[in-house]
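Below: entry_15.tsv (TSV, C-alpha atoms)
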```tsv
chain	number	residue	atom	x	y	z
B	1207	MET	CA	0.00	0.00	0.00
B	1208	SER	CA	1.37	3.42	-0.98
B	1209	PRO	CA	2.22	5.77	1.90
B	1210	ASN	CA	-0.17	8.66	2.42
B	1211	VAL	CA	1.46	11.91	1.33
B	1212	ILE	CA	-0.27	13.97	4.03
B	1213	ASP	CA	1.01	11.67	6.75
B	1214	LEU	CA	4.52	11.84	5.29
B	1215	ALA	CA	4.42	15.63	5.12
B	1216	GLU	CA	3.20	15.86	8.72
B	1217	ARG	CA	6.03	13.64	9.94
B	1218	LEU	CA	8.62	15.84	8.24
B	1219	ILE	CA	7.03	19.13	9.36
B	1220	ALA	CA	7.01	17.89	12.96
B	1221	CYS	CA	10.82	17.90	12.93
B	1222	ALA	CA	12.05	21.37	13.95
B	1223	SER	CA	14.77	21.56	11.30
B	1224	VAL	CA	15.79	25.22	11.22
B	1225	THR	CA	18.82	25.59	8.99
B	1226	PRO	CA	21.35	23.99	9.21
B	1227	ALA	CA	19.24	20.88	9.76
B	1228	ARG	CA	20.56	17.70	11.36
B	1229	GLY	CA	19.29	14.67	13.17
B	1230	SER	CA	15.61	13.89	13.56
B	1231	VAL	CA	14.37	15.11	10.18
B	1232	PHE	CA	16.97	12.93	8.44
B	1233	ASP	CA	16.06	9.99	10.72
B	1234	THR	CA	12.45	10.47	9.62
B	1235	LEU	CA	13.27	10.65	5.91
B	1236	GLU	CA	15.58	7.65	6.12
B	1237	GLY	CA	12.76	5.73	7.79
B	1238	MET	CA	10.54	6.54	4.80
B	1239	LEU	CA	13.04	5.55	2.12
B	1240	GLN	CA	14.63	2.37	3.47
B	1241	PRO	CA	11.39	0.32	3.34
B	1242	LEU	CA	11.10	1.29	-0.34
B	1243	GLY	CA	14.45	-0.34	-1.12
B	1244	PHE	CA	16.70	2.72	-1.07
B	1245	ALA	CA	20.27	2.51	0.20
B	1246	VAL	CA	20.64	5.61	2.38
B	1247	HIS	CA	23.96	7.42	2.84
B	1248	ARG	CA	24.17	10.23	5.43
B	1249	PHE	CA	27.11	12.40	6.37
B	1250	ILE	CA	28.03	15.63	8.14
B	1251	ALA	CA	29.99	18.36	6.35
B	1252	GLY	CA	31.43	21.67	7.52
B	1253	GLY	CA	31.61	23.21	10.94
B	1254	GLU	CA	35.29	22.49	11.49
B	1255	ALA	CA	37.19	24.50	14.07
B	1256	GLY	CA	38.54	27.69	12.58
B	1257	ALA	CA	36.21	27.61	9.56
B	1258	ASP	CA	34.78	30.82	8.16
B	1259	GLU	CA	31.48	31.67	9.90
B	1260	GLU	CA	29.99	32.63	6.54
B	1261	GLU	CA	30.27	28.98	5.46
B	1262	GLY	CA	27.97	27.72	8.21
B	1263	GLY	CA	27.80	24.17	9.48
B	1264	PRO	CA	27.92	21.53	10.58
B	1265	VAL	CA	25.43	20.39	7.92
B	1266	GLU	CA	23.83	16.98	7.46
B	1267	ASN	CA	23.17	15.62	3.99
B	1268	LEU	CA	21.47	12.52	2.63
B	1269	PHE	CA	21.88	10.63	-0.63
B	1270	ALA	CA	19.55	7.68	-1.17
B	1271	ILE	CA	19.61	5.47	-4.23
B	1272	ARG	CA	17.72	2.48	-5.54
B	1273	GLN	CA	19.59	0.91	-8.42
B	1274	GLY	CA	17.73	-0.17	-11.53
B	1275	PRO	CA	18.99	-2.54	-14.21
B	1276	PRO	CA	22.54	-1.86	-15.49
B	1277	GLY	CA	22.47	0.95	-18.03
B	1278	SER	CA	19.00	2.14	-17.09
B	1279	ARG	CA	18.23	5.84	-16.86
B	1280	HIS	CA	18.89	7.51	-13.51
B	1281	LEU	CA	16.33	10.11	-12.35
B	1282	ALA	CA	17.11	12.09	-9.21
B	1283	PHE	CA	14.77	14.05	-6.97
B	1284	ALA	CA	16.51	16.89	-5.14
B	1285	GLY	CA	15.52	19.17	-2.30
B	1286	HIS	CA	16.13	20.31	1.25
B	1287	VAL	CA	14.67	19.54	4.67
B	1288	ASP	CA	16.00	22.65	6.40
B	1289	VAL	CA	13.62	25.56	6.91
B	1290	VAL	CA	13.87	29.23	7.80
B	1291	PRO	CA	13.11	30.20	11.42
B	1292	PRO	CA	9.33	30.37	11.96
B	1293	GLY	CA	9.28	33.72	13.73
B	1294	ASP	CA	6.42	34.90	15.94
B	1295	GLY	CA	2.70	35.26	15.40
B	1296	TRP	CA	1.70	31.80	14.18
B	1297	THR	CA	-1.89	30.72	14.77
B	1298	SER	CA	-0.57	27.35	15.93
B	1299	ASP	CA	2.84	25.83	16.65
B	1300	ALA	CA	4.92	26.04	13.47
B	1301	PHE	CA	6.31	22.54	14.06
B	1302	ALA	CA	3.04	20.92	15.12
B	1303	PRO	CA	1.41	20.25	11.73
B	1304	GLU	CA	-2.27	20.96	11.74
B	1305	ARG	CA	-5.01	20.29	9.21
B	1306	ARG	CA	-7.60	23.05	9.08
B	1307	GLY	CA	-10.18	22.66	6.35
B	1308	ASN	CA	-8.41	21.75	3.11
B	1309	LEU	CA	-5.04	23.12	4.22
B	1310	LEU	CA	-2.08	21.61	6.05
B	1311	TYR	CA	-0.22	24.18	8.17
B	1312	GLY	CA	3.38	24.10	9.36
B	1313	ARG	CA	6.83	25.50	8.63
B	1314	GLY	CA	8.12	23.76	5.53
B	1315	ALA	CA	4.68	22.74	4.24
B	1316	VAL	CA	5.51	24.20	0.84
B	1317	ASP	CA	9.24	24.97	1.13
B	1318	MET	CA	9.79	22.15	0.82
B	1319	LYS	CA	8.87	19.25	3.05
B	1320	GLY	CA	5.54	18.88	1.27
B	1321	ALA	CA	7.29	18.32	-2.05
B	1322	ILE	CA	9.72	15.81	-0.52
B	1323	ALA	CA	6.76	13.90	0.91
B	1324	ALA	CA	5.22	13.91	-2.58
B	1325	MET	CA	8.45	12.57	-4.07
B	1326	VAL	CA	8.55	9.68	-1.59
B	1327	ALA	CA	4.90	8.83	-2.19
B	1328	ALA	CA	5.38	9.07	-5.96
B	1329	VAL	CA	8.18	6.48	-6.12
B	1330	ALA	CA	6.61	4.00	-3.70
B	1331	ASP	CA	4.84	2.05	-6.44
B	1332	ILE	CA	7.55	2.35	-9.11
B	1333	PRO	CA	9.02	-1.12	-9.78
B	1334	ALA	CA	12.68	-1.45	-8.88
B	1335	ASN	CA	13.49	-2.73	-12.36
B	1336	ALA	CA	12.04	0.37	-14.05
B	1337	GLY	CA	15.20	2.44	-13.62
B	1338	THR	CA	17.49	4.03	-11.07
B	1339	LEU	CA	15.98	6.52	-8.61
B	1340	SER	CA	17.77	8.70	-6.11
B	1341	PHE	CA	17.14	11.44	-3.56
B	1342	ILE	CA	19.61	14.31	-3.13
B	1343	ILE	CA	18.62	15.99	0.14
B	1344	THR	CA	20.52	18.67	2.04
B	1345	GLY	CA	20.08	20.36	5.39
B	1346	ASP	CA	21.57	23.65	4.21
B	1347	GLU	CA	19.69	25.22	1.31
B	1348	GLU	CA	18.24	28.08	3.33
B	1349	GLY	CA	21.66	28.89	4.83
B	1350	PRO	CA	25.08	29.55	3.26
B	1351	ALA	CA	24.70	26.39	1.09
B	1352	VAL	CA	28.45	25.77	1.19
B	1353	HIS	CA	28.46	22.30	2.76
B	1354	GLY	CA	25.15	21.06	1.41
B	1355	THR	CA	24.37	20.16	-2.18
B	1356	ARG	CA	27.95	20.83	-3.28
B	1357	ALA	CA	29.16	18.17	-0.84
B	1358	LEU	CA	26.47	15.80	-2.14
B	1359	ILE	CA	27.68	16.35	-5.69
B	1360	ASP	CA	31.20	15.39	-4.63
B	1361	LEU	CA	29.82	12.21	-3.05
B	1362	MET	CA	27.84	11.21	-6.15
B	1363	ARG	CA	30.82	11.76	-8.40
B	1364	ALA	CA	33.09	9.76	-6.10
B	1365	ARG	CA	30.58	6.88	-6.09
B	1366	GLY	CA	30.03	7.05	-9.85
B	1367	GLU	CA	26.29	7.58	-9.33
B	1368	VAL	CA	25.62	10.77	-11.28
B	1369	PRO	CA	22.00	11.11	-12.44
B	1370	ASP	CA	20.91	11.60	-16.05
B	1371	LEU	CA	18.07	13.97	-15.09
B	1372	CYS	CA	17.29	15.89	-11.90
B	1373	LEU	CA	13.99	17.34	-10.69
B	1374	VAL	CA	14.12	19.86	-7.83
B	1375	GLY	CA	10.97	20.26	-5.76
B	1376	GLU	CA	11.15	24.00	-5.06
B	1377	PRO	CA	7.76	25.76	-4.86
B	1378	THR	CA	7.51	27.18	-8.39
B	1379	SER	CA	3.76	27.50	-8.90
B	1380	VAL	CA	2.31	31.02	-8.60
B	1381	THR	CA	-1.50	31.08	-8.56
B	1382	ARG	CA	-2.39	27.46	-9.36
B	1383	LEU	CA	-0.45	24.23	-9.06
B	1384	GLY	CA	1.17	23.66	-12.44
B	1385	ASP	CA	1.19	27.18	-13.85
B	1386	MET	CA	4.99	27.54	-13.77
B	1387	MET	CA	8.15	25.45	-13.80
B	1388	LYS	CA	11.70	26.72	-13.69
B	1389	ILE	CA	14.10	25.80	-16.48
B	1390	GLY	CA	16.78	28.17	-15.24
B	1391	ARG	CA	17.72	30.71	-12.60
B	1392	ARG	CA	19.84	33.83	-12.52
B	1393	GLY	CA	23.16	33.82	-10.72
B	1394	SER	CA	23.88	35.74	-7.54
B	1395	VAL	CA	26.92	37.63	-6.25
B	1396	ASN	CA	27.16	39.76	-3.11
B	1397	ILE	CA	29.97	42.32	-3.04
B	1398	PHE	CA	31.27	43.99	0.12
B	1399	LEU	CA	32.65	47.48	-0.48
B	1400	GLU	CA	34.95	49.59	1.69
B	1401	VAL	CA	36.44	53.04	1.26
B	1402	ALA	CA	39.20	53.93	3.73
B	1403	GLY	CA	39.83	57.45	4.95
B	1404	THR	CA	41.56	59.27	7.79
B	1405	GLN	CA	39.68	60.00	10.97
B	1406	GLY	CA	39.67	63.56	12.28
B	1407	HIS	CA	37.74	66.43	13.83
B	1408	VAL	CA	34.96	67.88	11.68
B	1409	ALA	CA	36.25	71.40	12.40
B	1410	TYR	CA	39.63	70.53	10.85
B	1411	PRO	CA	38.78	68.67	7.64
B	1412	HIS	CA	42.16	69.49	6.12
B	1413	LEU	CA	43.71	67.17	8.69
B	1414	ALA	CA	41.40	64.27	7.81
B	1415	ASP	CA	40.13	62.39	4.77
B	1416	ASN	CA	36.39	61.77	4.74
B	1417	PRO	CA	35.59	58.45	2.96
B	1418	ALA	CA	31.81	59.00	2.92
B	1419	PRO	CA	31.64	61.23	-0.19
B	1420	ARG	CA	33.78	58.75	-2.13
B	1421	LEU	CA	31.55	55.86	-1.05
B	1422	VAL	CA	28.49	57.84	-2.13
B	1423	ALA	CA	30.07	58.51	-5.53
B	1424	LEU	CA	31.02	54.83	-5.87
B	1425	LEU	CA	27.47	53.70	-5.10
B	1426	ALA	CA	26.01	56.28	-7.47
B	1427	GLU	CA	28.15	54.95	-10.32
B	1428	LEU	CA	27.21	51.36	-9.54
B	1429	ASP	CA	23.52	52.21	-9.23
B	1430	ALA	CA	23.58	53.85	-12.67
B	1431	LEU	CA	24.98	50.75	-14.40
B	1432	GLU	CA	22.81	49.00	-16.98
B	1433	LEU	CA	24.25	45.52	-17.00
B	1434	ASP	CA	22.14	44.25	-19.92
B	1435	GLN	CA	18.62	44.28	-21.33
B	1436	GLY	CA	17.86	40.63	-20.76
B	1437	THR	CA	17.84	37.66	-23.13
B	1438	ASN	CA	15.25	35.40	-24.72
B	1439	TRP	CA	15.00	33.39	-21.51
B	1440	PHE	CA	16.25	35.75	-18.79
B	1441	GLN	CA	15.10	39.09	-17.44
B	1442	PRO	CA	17.70	41.87	-17.21
B	1443	SER	CA	20.39	41.55	-14.57
B	1444	ASN	CA	19.90	43.90	-11.63
B	1445	LEU	CA	22.26	45.46	-9.10
B	1446	GLU	CA	20.85	46.53	-5.74
B	1447	ILE	CA	22.46	48.39	-2.83
B	1448	THR	CA	21.61	46.31	0.24
B	1449	ASP	CA	23.57	47.98	3.05
B	1450	ILE	CA	25.42	51.21	3.85
B	1451	ALA	CA	27.36	51.43	7.12
B	1452	ILE	CA	29.67	53.95	8.74
B	1453	GLY	CA	28.84	53.26	12.36
B	1454	ASN	CA	30.03	56.62	13.62
B	1455	PRO	CA	28.58	57.39	17.08
B	1456	ALA	CA	30.15	60.85	17.31
B	1457	HIS	CA	28.64	63.86	15.54
B	1458	ASN	CA	31.93	65.75	15.47
B	1459	VAL	CA	34.25	63.07	14.09
B	1460	ILE	CA	35.07	62.44	10.43
B	1461	PRO	CA	34.96	58.65	10.07
B	1462	GLY	CA	37.98	56.59	9.18
B	1463	ALA	CA	36.12	54.18	6.88
B	1464	ALA	CA	32.78	53.74	5.11
B	1465	ARG	CA	31.30	50.44	3.98
B	1466	ALA	CA	28.47	49.15	1.83
B	1467	ARG	CA	27.16	45.95	0.27
B	1468	ILE	CA	25.57	45.32	-3.09
B	1469	SER	CA	23.79	42.27	-4.50
B	1470	ILE	CA	23.69	41.44	-8.21
B	1471	ARG	CA	21.30	38.90	-9.72
B	1472	PHE	CA	22.63	38.19	-13.19
B	1473	ASN	CA	21.65	36.25	-16.29
B	1474	ASP	CA	23.79	34.04	-18.50
B	1475	LEU	CA	25.40	37.00	-20.27
B	1476	HIS	CA	27.68	37.28	-17.23
B	1477	THR	CA	29.66	35.27	-14.73
B	1478	GLY	CA	30.10	36.04	-11.07
B	1479	ALA	CA	33.86	36.42	-11.51
B	1480	GLU	CA	33.46	38.89	-14.38
B	1481	LEU	CA	31.02	41.04	-12.41
B	1482	GLY	CA	33.29	40.90	-9.38
B	1483	ARG	CA	36.21	42.18	-11.44
B	1484	ARG	CA	34.09	44.94	-12.95
B	1485	VAL	CA	32.91	46.21	-9.56
B	1486	THR	CA	36.43	45.94	-8.14
B	1487	GLU	CA	37.77	48.19	-10.94
B	1488	ILE	CA	35.03	50.78	-10.30
B	1489	ALA	CA	35.70	50.68	-6.56
B	1490	ALA	CA	39.42	51.24	-7.13
B	1491	ARG	CA	38.70	54.43	-9.11
B	1492	HIS	CA	37.02	55.80	-5.98
B	1493	GLY	CA	39.82	54.69	-3.68
B	1494	GLY	CA	37.86	51.68	-2.44
B	1495	THR	CA	38.08	47.91	-2.36
B	1496	ALA	CA	35.58	45.18	-3.21
B	1497	ARG	CA	35.21	41.64	-1.90
B	1498	PRO	CA	32.87	39.54	-4.07
B	1499	ILE	CA	31.19	36.38	-2.75
B	1500	ILE	CA	29.57	34.36	-5.52
B	1501	SER	CA	26.51	32.43	-4.36
B	1502	GLY	CA	25.93	30.75	-7.70
B	1503	GLU	CA	26.16	31.05	-11.46
B	1504	PRO	CA	23.12	31.19	-13.74
B	1505	PHE	CA	21.86	28.03	-15.36
B	1506	LEU	CA	19.51	27.21	-18.21
B	1507	THR	CA	18.10	23.85	-19.26
B	1508	PRO	CA	16.99	24.70	-22.79
B	1509	PRO	CA	13.51	23.48	-23.72
B	1510	GLY	CA	13.69	19.92	-24.99
B	1511	ASP	CA	12.80	16.35	-24.04
B	1512	PHE	CA	13.08	16.89	-20.27
B	1513	SER	CA	10.96	20.03	-20.16
B	1514	ARG	CA	8.36	18.41	-22.41
B	1515	MET	CA	8.31	15.41	-20.08
B	1516	VAL	CA	7.67	17.59	-17.03
B	1517	ALA	CA	5.16	19.82	-18.82
B	1518	GLY	CA	3.28	16.81	-20.18
B	1519	ALA	CA	2.87	15.34	-16.69
B	1520	ILE	CA	1.64	18.68	-15.34
B	1521	THR	CA	-0.87	19.15	-18.15
B	1522	ALA	CA	-2.18	15.61	-17.80
B	1523	GLU	CA	-3.04	16.19	-14.13
B	1524	THR	CA	-4.00	19.87	-14.05
B	1525	GLY	CA	-4.99	20.82	-17.58
B	1526	LEU	CA	-2.48	23.69	-17.44
B	1527	VAL	CA	0.45	24.30	-19.76
B	1528	PRO	CA	3.19	25.49	-17.39
B	1529	GLU	CA	5.18	28.59	-18.19
B	1530	ALA	CA	8.88	27.77	-18.59
B	1531	SER	CA	10.44	30.49	-16.46
B	1532	THR	CA	13.82	31.61	-15.14
B	1533	SER	CA	12.44	34.18	-12.69
B	1534	GLY	CA	12.88	34.36	-8.94
B	1535	GLY	CA	15.77	33.78	-6.60
B	1536	THR	CA	18.43	31.13	-6.54
B	1537	SER	CA	18.12	27.49	-5.56
B	1538	ASP	CA	20.41	24.49	-5.29
B	1539	ALA	CA	19.72	23.81	-8.95
B	1540	ARG	CA	22.57	26.27	-9.53
B	1541	PHE	CA	24.92	23.53	-8.30
B	1542	LEU	CA	23.10	20.49	-9.67
B	1543	LYS	CA	23.24	21.84	-13.22
B	1544	ALA	CA	26.89	20.77	-13.21
B	1545	LEU	CA	25.75	17.13	-13.10
B	1546	CYS	CA	22.91	16.88	-15.61
B	1547	PRO	CA	19.86	18.71	-16.98
B	1548	VAL	CA	17.81	20.07	-14.08
B	1549	ILE	CA	14.28	21.47	-13.83
B	1550	GLU	CA	12.39	22.77	-10.81
B	1551	PHE	CA	8.73	22.12	-10.18
B	1552	GLY	CA	6.70	22.17	-7.00
B	1553	LEU	CA	3.90	23.68	-4.94
B	1554	LEU	CA	2.47	27.21	-4.75
B	1555	ASN	CA	5.01	29.68	-3.40
B	1556	ALA	CA	2.50	32.15	-1.91
B	1557	THR	CA	3.12	31.27	1.77
B	1558	MET	CA	6.74	30.14	1.77
B	1559	HIS	CA	8.85	31.85	4.47
B	1560	LYS	CA	5.67	33.42	5.89
B	1561	ARG	CA	3.76	32.97	9.12
B	1562	ASP	CA	1.11	30.24	8.88
B	1563	GLU	CA	2.80	28.58	5.90
B	1564	ALA	CA	0.27	26.16	4.42
B	1565	VAL	CA	-0.30	23.81	1.51
B	1566	ALA	CA	-3.59	22.74	-0.04
B	1567	ILE	CA	-4.10	19.03	0.63
B	1568	GLU	CA	-5.44	18.49	-2.88
B	1569	ASP	CA	-2.31	20.10	-4.30
B	1570	LEU	CA	-0.09	17.70	-2.36
B	1571	GLU	CA	-2.08	14.75	-3.68
B	1572	ALA	CA	-1.94	16.11	-7.23
B	1573	LEU	CA	1.83	16.68	-6.93
B	1574	VAL	CA	2.29	12.99	-6.12
B	1575	ARG	CA	0.52	12.07	-9.35
B	1576	ILE	CA	2.55	14.57	-11.37
B	1577	TYR	CA	5.84	13.32	-9.97
B	1578	ARG	CA	4.80	9.72	-10.60
B	1579	ARG	CA	4.00	10.54	-14.23
B	1580	ILE	CA	7.42	12.17	-14.61
B	1581	VAL	CA	9.12	9.04	-13.29
B	1582	HIS	CA	7.20	6.83	-15.71
B	1583	ALA	CA	8.01	9.15	-18.62
B	1584	ALA	CA	11.70	9.25	-17.70
B	1585	PHE	CA	11.94	5.46	-17.65
B	1586	GLU	CA	9.98	4.94	-20.84
```
Structure re-expressed in structure tokens:
Amino acid sequence: MSPNVIDLAERLIACASVTPARGSVFDTLEGMLQPLGFAVHRFIAGGEAGADEEEGGPVENLFAIRQGPPGSRHLAFAGHVDVVPPGDGWTSDAFAPERRGNLLYGRGAVDMKGAIAAMVAAVADIPANAGTLSFIITGDEEGPAVHGTRALIDLMRARGEVPDLCLVGEPTSVTRLGDMMKIGRRGSVNIFLEVAGTQGHVAYPHLADNPAPRLVALLAELDALELDQGTNWFQPSNLEITDIAIGNPAHNVIPGAARARISIRFNDLHTGAELGRRVTEIAARHGGTARPIISGEPFLTPPGDFSRMVAGAITAETGLVPEASTSGGTSDARFLKALCPVIEFGLLNATMHKRDEAVAIEDLEALVRIYRRIVHAAFE
């Protein structure tokens, strides 16, 4: 008998797995997969003494695989069991899943424990000889994402178990389940800027060097940049100023340094390294420095057999033809694209990261059927 997707989702939601997730939520998922014939491999990455705090950790990861016949196609489901902190103001306990009417409430219901539950339920009835199935699950997608999916990729390569196709269960639907799937995402780079000066008394500016005007000029030049006008598949790249800091508590002191941070979401006309170099050159002209941190490069899975497979399954269950989009933020697909073609499809994103996050029960049940159709199509 196939496991009930609502029960599976409730079991996962009940695990308080704020990023970086470890322990009970992975115990729960392993307990779901092992009875279905999956060999489950779990490991901890990151968190070593002396490591950079920006890298996070320690992080738990899980790779589960059920081998099909030699040479058969390998389809992977990918996702994360970590969640953002619930915050205050929930109607009920964020980690005590509750059914109210036709909705299931709880942190992670849509992002993305509900989708993982649907994946497990979808593969339960797939014969083992149909093909190779795997689950690529991290506990660090909502965090720095340094020791999560990237570490899983290293493991799969070392084991020689790289998938042919990968479906990520991020919540991609907008107003109705099935109206959008993601065939790509823009890249992301955050750049930390600093302009050094010489501290001094405001009454004696000739004895000091105020860095604030130069930082303002630097930010004005960056803000005026038009990086591109978009492509056939991507919206224009955008640069946003996300922080300005001097931290000067004294009204009569010229500061010794001024800092800022920018974030660039960029399409496949650029690379993170190229944008980092460009901003560094502009900063240098204003007497400043730049420290880029690349979160991920853009990816695109051009429309073809895989996207038609996913779209066909969605249409068969919902009657909708999904929009093939590259909009929105980043996801771990930015790493998985190095392995194989990757597409994202999942639940409605309206309540993700919000108080009273909730999924429609009928959407969860429909997602199981869609995922099952995708598996059948992949193995045909």
Near-Cys1221 of chain B list (7 Å; all atoms listed in the file; drop same-chain fewer than 2 positions) as number ranges by chain:
B: 1218-1219, 1223, 1230-1231, 1301
With C-alpha atoms kept, could you save the residues just selected as an mmCIF file, in the frame of the given file?
```cif
data_model
loop_
_atom_site.group_PDB
_atom_site.id
_atom_site.type_symbol
_atom_site.label_atom_id
_atom_site.label_comp_id
_atom_site.auth_asym_id
_atom_site.auth_seq_id
_atom_site.Cartn_x
_atom_site.Cartn_y
_atom_site.Cartn_z
ATOM 1 C CA LEU B 1218 8.620 15.840 8.240
ATOM 2 C CA ILE B 1219 7.030 19.130 9.360
ATOM 3 C CA SER B 1223 14.770 21.560 11.300
ATOM 4 C CA SER B 1230 15.610 13.890 13.560
ATOM 5 C CA VAL B 1231 14.370 15.110 10.180
ATOM 6 C CA PHE B 1301 6.310 22.540 14.060
#
```
Could you check the closest approach to Arg1392 of chain B for each of B:Asp1213, B:Asp1474, B:Glu1523, B:Asp1370 and tell me which residue wins, using only C-alpha atoms?
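Ranked by minimum distance to Arg1392 of chain B, first place goes to B:Asp1474.
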Contacts of Glu1480 of chain B within 12 Å, only C-alpha atoms, excl. fewer than 3 positions in-chain, as a PyMOL selection string:
chain B and resi 1395+1433+1470+1472+1474-1477+1483-1487+1498+1500+1503
Would you compute the distance between atom CA of Lys1319 of chain B and atom CA of Val1352 of chain B? Give it in Å to one decimal.
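So the two atoms, atom CA of Lys1319 of chain B and atom CA of Val1352 of chain B, lie 20.7 Å apart.
Using all atoms listed in the file, the smallest distance between any of B:Thr1507, B:Thr1437, B:Ser1531, B:Ser1340 and Leu1268 of chain B comes from B:Ser1340.
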Could you jot down the atom CA of Phe1505 of chain B to atom CA of Lys1543 of chain B separation for me, Å, one decimal place?
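That distance, rounded to one decimal, is 6.7 Å.
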Residues around (29.6, 22.9, 5.9), cut-off 7 Å, counting all atoms listed in the file - what are they as a list in words?
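Looking at atoms near the point gives Ala1251, Gly1252, Gly1253, Glu1261, Gly1262, Gly1263, Pro1264, Val1265, Val1352, His1353 and Gly1354 of chain B.
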Take the residues that were just selected and, keeping C-alpha atoms, output them as a PDB file, in the coordinates of the input.
```pdb
ATOM      1  CA  ALA B1251      29.990  18.360   6.350  1.00  0.00           C
ATOM      2  CA  GLY B1252      31.430  21.670   7.520  1.00  0.00           C
ATOM      3  CA  GLY B1253      31.610  23.210  10.940  1.00  0.00           C
ATOM      4  CA  GLU B1261      30.270  28.980   5.460  1.00  0.00           C
ATOM      5  CA  GLY B1262      27.970  27.720   8.210  1.00  0.00           C
ATOM      6  CA  GLY B1263      27.800  24.170   9.480  1.00  0.00           C
ATOM      7  CA  PRO B1264      27.920  21.530  10.580  1.00  0.00           C
ATOM      8  CA  VAL B1265      25.430  20.390   7.920  1.00  0.00           C
ATOM      9  CA  VAL B1352      28.450  25.770   1.190  1.00  0.00           C
ATOM     10  CA  HIS B1353      28.460  22.300   2.760  1.00  0.00           C
ATOM     11  CA  GLY B1354      25.150  21.060   1.410  1.00  0.00           C
TER      12      GLY B1354
END
```
Would you compute the distance between atom CA of Asp1346 of chain B and atom CA of Glu1563 of chain B? Give it in Å to one decimal.
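These atoms are spaced 19.5 Å apart.
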Which residues are close to Thr1521 of chain B, i.e. within 12 Å by only C-alpha atoms, leaving aside same-chain residues fewer than 4 positions away? Reply as a PyMOL selection string.
chain B and resi 1383-1387+1514-1517+1525-1529+1572-1573+1575-1576+1579-1580
So which one's closest to Ala1519 of chain B, B:Gln1273, B:Val1574, B:Ile1452, B:Leu1506? Using only C-alpha atoms, please.
B:Val1574
Using all atoms listed in the file, determine which residues lie at most 10 Å from Ile1549 of chain B, disregarding the query and same-chain residues fewer than 2 positions distant; provide the list as a list in words.
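My list of contacting residues is Leu1371, Cys1372, Leu1373, Val1374, Gly1375, Glu1376, Met1387, Lys1388, Ile1389, Gly1390, Arg1391, Leu1506, Thr1507, Pro1508, Phe1512, Ser1513, Val1516, Ala1530, Ala1539, Leu1542, Lys1543, Cys1546, Pro1547 and Phe1551 of chain B.
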Let me see the file: selected residues, C-alpha atoms, as a compact mmCIF listing (two decimals), keeping the file's coordinate frame.
```txt
# COMPACT_ATOMS: atom_id res chain seq x y z
CA LEU B 1371 18.07 13.97 -15.09
CA CYS B 1372 17.29 15.89 -11.90
CA LEU B 1373 13.99 17.34 -10.69
CA VAL B 1374 14.12 19.86 -7.83
CA GLY B 1375 10.97 20.26 -5.76
CA GLU B 1376 11.15 24.00 -5.06
CA MET B 1387 8.15 25.45 -13.80
CA LYS B 1388 11.70 26.72 -13.69
CA ILE B 1389 14.10 25.80 -16.48
CA GLY B 1390 16.78 28.17 -15.24
CA ARG B 1391 17.72 30.71 -12.60
CA LEU B 1506 19.51 27.21 -18.21
CA THR B 1507 18.10 23.85 -19.26
CA PRO B 1508 16.99 24.70 -22.79
CA PHE B 1512 13.08 16.89 -20.27
CA SER B 1513 10.96 20.03 -20.16
CA VAL B 1516 7.67 17.59 -17.03
CA ALA B 1530 8.88 27.77 -18.59
CA ALA B 1539 19.72 23.81 -8.95
CA LEU B 1542 23.10 20.49 -9.67
CA LYS B 1543 23.24 21.84 -13.22
CA CYS B 1546 22.91 16.88 -15.61
CA PRO B 1547 19.86 18.71 -16.98
CA PHE B 1551 8.73 22.12 -10.18
```
Out of B:Ile1342, B:Ala1321, B:Leu1214, B:Ala1315, which residue has the shortest atom-to-atom distance to Glu1266 of chain B when counting only C-alpha atoms?
B:Ile1342
